[in-house]
Amino acid sequence: MIKIDLHIHSTYCDGKSTLRESVDSAIEKGFATIGFSGHSYTFFDESYCMSLEDTERYFTEASWLGRRFKKKLTVLVGIEQDYYSDQPIDRYDYAICSVHYLKLGEEYIPVDESAEILKSAAEKYFDGDMYALCERYYETVSDLTNKWNARIIGHIDLITKFQEQEKLFDEDNPRYVAAWKKCVDKLLETQPLFEINTGAISRGYRTTPYPSKEIIDYIRENGGTFILSSDSHSAETIGFKFDEYEQYIEDKTVQI
Ligand SMILES: [Zn+2]
Ligand SMILES: [Zn+2]
């Protein structure tokens, strides 16, 4: 089984486990490498990201744990950089770049908070046209490499998070398909790693990982590569269901 997991949150942001608890769990599970990826500071919404002060503490503690446990485990210090963050990412070992909001008018609308919020955003800004909202979402994702020189693209189709509970749009609709294909084509120009992210399964929102099978196949057919991520918000879910999805990962050694 793949023993690298670079998408792990902690109590410094919206996770339930401390960094140390995740290190202990990863060692117990036999991991060779883990990376912490705290949510980058977003000035317009402090509810789930790390505060600026905590970002410093997080960096110091994660770096220290890396030195302390280096004989048992490689601990990388990363960040999950939101598209709209304004904090630099240079000091981290890597960044997972993700779109969690859409900036519509002067508002930052969360993509992953509820189906209700997405529906009312479509009403307010797109005359109820969910496909126009999806198009805006994928345009924003497609700019991740341009804005942040993204090496890892987080949960590319996060906009589908609530589809199993409340279907907001048809994923076979040609406008939806065209939107994600255009986005993938743009991202492929710089050959980032695309996440196969099992986080919404472990947290009960979905039965399949991000992205959809269609998007995975399209990325593969066009020469893209993947990284498996648990998007863990607690120590027990590190490596969650990696055995089921590692078939998609051709190169089992990830170069960051
Ligand atoms: Zn995320
Ligand atoms: Zn995450």
# chains A, B, ... in the order shown; residues from 1 in each chain; ligands from 1

$ residues_around --residues "A:Ala95" --least-positions-apart "5" --cutoff "12 Å" --atoms "only C-alpha atoms" --output "NGL selection string"
:A and (6-8 or 35-40 or 76-83 or 87-90 or 144-145 or 148-154 or 192-193 or 256)

$ select_by_dssp --residues "stretch 47-226 of chain A" --states "strand (DSSP E or B)" --output "PyMOL selection string"
chain A and resi 74-82+94-98+101-104+107-110+152-153+193-197+210+225-226

$ write_last_selection --atoms "C-alpha atoms" --output "short mmCIF file (atom, residue, chain, number, x, y, z; two decimals), in the first residue's frame"
data_model
loop_
_atom_site.label_atom_id
_atom_site.label_comp_id
_atom_site.auth_asym_id
_atom_site.auth_seq_id
_atom_site.Cartn_x
_atom_site.Cartn_y
_atom_site.Cartn_z
CA THR A 74 9.62 11.76 7.22
CA VAL A 75 7.42 14.67 8.22
CA LEU A 76 6.99 17.39 5.61
CA VAL A 77 5.63 20.80 6.44
CA GLY A 78 3.13 21.90 3.83
CA ILE A 79 0.15 24.17 3.54
CA GLU A 80 -3.26 23.85 1.91
CA GLN A 81 -3.24 27.17 0.12
CA ASP A 82 -6.61 28.61 -0.68
CA TYR A 94 5.00 21.92 -0.72
CA ALA A 95 1.58 23.49 -1.17
CA ILE A 96 -1.71 21.84 -2.02
CA CYS A 97 -3.58 24.55 -3.88
CA SER A 98 -7.36 24.49 -3.58
CA TYR A 101 -14.52 29.97 -2.23
CA LEU A 102 -15.85 31.89 -5.17
CA LYS A 103 -15.53 35.64 -5.12
CA LEU A 104 -18.84 36.92 -6.40
CA GLU A 107 -18.61 38.26 -1.27
CA TYR A 108 -16.50 35.18 -0.77
CA ILE A 109 -18.94 32.28 -1.10
CA PRO A 110 -17.79 28.96 0.38
CA ILE A 152 -0.58 19.80 -6.26
CA ILE A 153 -4.21 20.54 -7.15
CA LEU A 193 -0.19 16.36 -9.44
CA PHE A 194 -3.95 15.94 -9.21
CA GLU A 195 -5.28 14.72 -5.91
CA ILE A 196 -7.39 11.63 -5.55
CA ASN A 197 -8.88 12.76 -2.27
CA TYR A 210 -12.70 13.51 -5.58
CA THR A 225 -0.56 12.17 -12.77
CA PHE A 226 -2.15 11.73 -9.37
#

$ atom_distance --atom1 "atom CA of A:Lys182" --atom2 "atom CA of A:Ser114"
25.6 Å

$ residues_around --residues "A:Lys181" --least-positions-apart "6" --cutoff "9 Å" --atoms "only C-alpha atoms" --output "mmCIF file with C-alpha atoms, in the first residue's frame"
data_model
loop_
_atom_site.group_PDB
_atom_site.id
_atom_site.type_symbol
_atom_site.label_atom_id
_atom_site.label_comp_id
_atom_site.auth_asym_id
_atom_site.auth_seq_id
_atom_site.Cartn_x
_atom_site.Cartn_y
_atom_site.Cartn_z
ATOM 1 C CA ILE A 215 -12.392 13.313 -14.549
ATOM 2 C CA TYR A 218 -9.751 12.139 -18.693
ATOM 3 C CA ILE A 219 -6.692 13.229 -16.727
#

$ closest_residue --among "A:Ala115, A:Ala179, A:Ile216, A:Ala26" --to "A:Gly239" --atoms "only C-alpha atoms"
A:Ala26

$ closest_residue --among "A:Thr55, A:Asn222, A:Gln163, A:Ser85" --to "A:Tyr205" --atoms "only C-alpha atoms"
A:Gln163

$ residues_around --residues "A:Arg175" --least-positions-apart "2" --cutoff "12 Å" --atoms "only C-alpha atoms" --output "list in words"
Asp129, Met130, Tyr131, Ala132, Leu133, Cys134, Glu135, Arg136, Tyr138, Phe169, Asp170, Glu171, Asp172, Asn173, Val177, Ala178, Ala179, Trp180, Lys181 and Lys182 of chain A

$ closest_residue --among "A:Ala32, A:Leu188, A:Val23, A:Cys49" --to "ligand 2" --atoms "only C-alpha atoms and all ligand atoms"
A:Cys49

$ closest_residue --among "A:Lys16, A:Lys70, A:His9, A:Lys124" --to "ligand 2" --atoms "only C-alpha atoms and all ligand atoms"
A:His9

$ closest_residue --among "A:Lys213, A:Ser230, A:Thr33, A:Leu187" --to "ligand 1" --atoms "only C-alpha atoms and all ligand atoms"
A:Ser230

$ closest_residue --among "A:Gln165, A:Asn146, A:Ser10, A:Thr208" --to "ligand 2" --atoms "only C-alpha atoms and all ligand atoms"
A:Ser10

$ residues_around --residues "A:Phe43" --least-positions-apart "4" --cutoff "9 Å" --atoms "only C-alpha atoms" --output "ChimeraX atom specification"
/A:51,84-86

$ residues_around --residues "A:Arg57" --least-positions-apart "5" --cutoff "12 Å" --atoms "only C-alpha atoms" --output "PyMOL selection string"
chain A and resi 11-13+19+38+50-52+62-64

$ write_last_selection --atoms "N, CA and C atoms" --output "PDB file, in the first residue's frame"
ATOM      1  N   THR A  11      -5.441  20.421  14.849  1.00  0.00           N
ATOM      2  CA  THR A  11      -6.169  21.371  15.703  1.00  0.00           C
ATOM      3  C   THR A  11      -5.750  22.821  15.447  1.00  0.00           C
ATOM      4  N   TYR A  12      -4.668  23.039  14.712  1.00  0.00           N
ATOM      5  CA  TYR A  12      -4.315  24.424  14.373  1.00  0.00           C
ATOM      6  C   TYR A  12      -5.330  25.036  13.408  1.00  0.00           C
ATOM      7  N   CYS A  13      -6.012  24.166  12.633  1.00  0.00           N
ATOM      8  CA  CYS A  13      -7.111  24.705  11.813  1.00  0.00           C
ATOM      9  C   CYS A  13      -8.394  23.993  12.223  1.00  0.00           C
ATOM     10  N   LEU A  19      -0.923  17.719  15.964  1.00  0.00           N
ATOM     11  CA  LEU A  19       0.122  17.263  15.032  1.00  0.00           C
ATOM     12  C   LEU A  19       0.768  15.997  15.585  1.00  0.00           C
ATOM     13  N   GLY A  38      -1.986  22.442   6.829  1.00  0.00           N
ATOM     14  CA  GLY A  38      -2.959  23.310   7.506  1.00  0.00           C
ATOM     15  C   GLY A  38      -3.602  24.273   6.522  1.00  0.00           C
ATOM     16  N   MET A  50      -6.077  28.577   9.733  1.00  0.00           N
ATOM     17  CA  MET A  50      -5.181  28.888  10.842  1.00  0.00           C
ATOM     18  C   MET A  50      -5.095  30.412  10.964  1.00  0.00           C
ATOM     19  N   SER A  51      -5.129  30.912  12.191  1.00  0.00           N
ATOM     20  CA  SER A  51      -4.905  32.348  12.376  1.00  0.00           C
ATOM     21  C   SER A  51      -3.449  32.639  12.000  1.00  0.00           C
ATOM     22  N   LEU A  52      -3.113  33.907  11.843  1.00  0.00           N
ATOM     23  CA  LEU A  52      -1.724  34.239  11.482  1.00  0.00           C
ATOM     24  C   LEU A  52      -0.763  33.788  12.578  1.00  0.00           C
ATOM     25  N   ALA A  62       5.471  21.722  13.606  1.00  0.00           N
ATOM     26  CA  ALA A  62       5.574  20.674  12.578  1.00  0.00           C
ATOM     27  C   ALA A  62       7.036  20.452  12.186  1.00  0.00           C
ATOM     28  N   SER A  63       7.803  21.537  12.081  1.00  0.00           N
ATOM     29  CA  SER A  63       9.226  21.407  11.739  1.00  0.00           C
ATOM     30  C   SER A  63       9.969  20.656  12.846  1.00  0.00           C
ATOM     31  N   TRP A  64       9.624  20.996  14.078  1.00  0.00           N
ATOM     32  CA  TRP A  64      10.265  20.334  15.219  1.00  0.00           C
ATOM     33  C   TRP A  64       9.940  18.828  15.239  1.00  0.00           C
TER      34      TRP A  64
END

$ atom_distance --atom1 "atom CA of A:Ala235" --atom2 "atom CA of A:Arg20"
9.2 Å
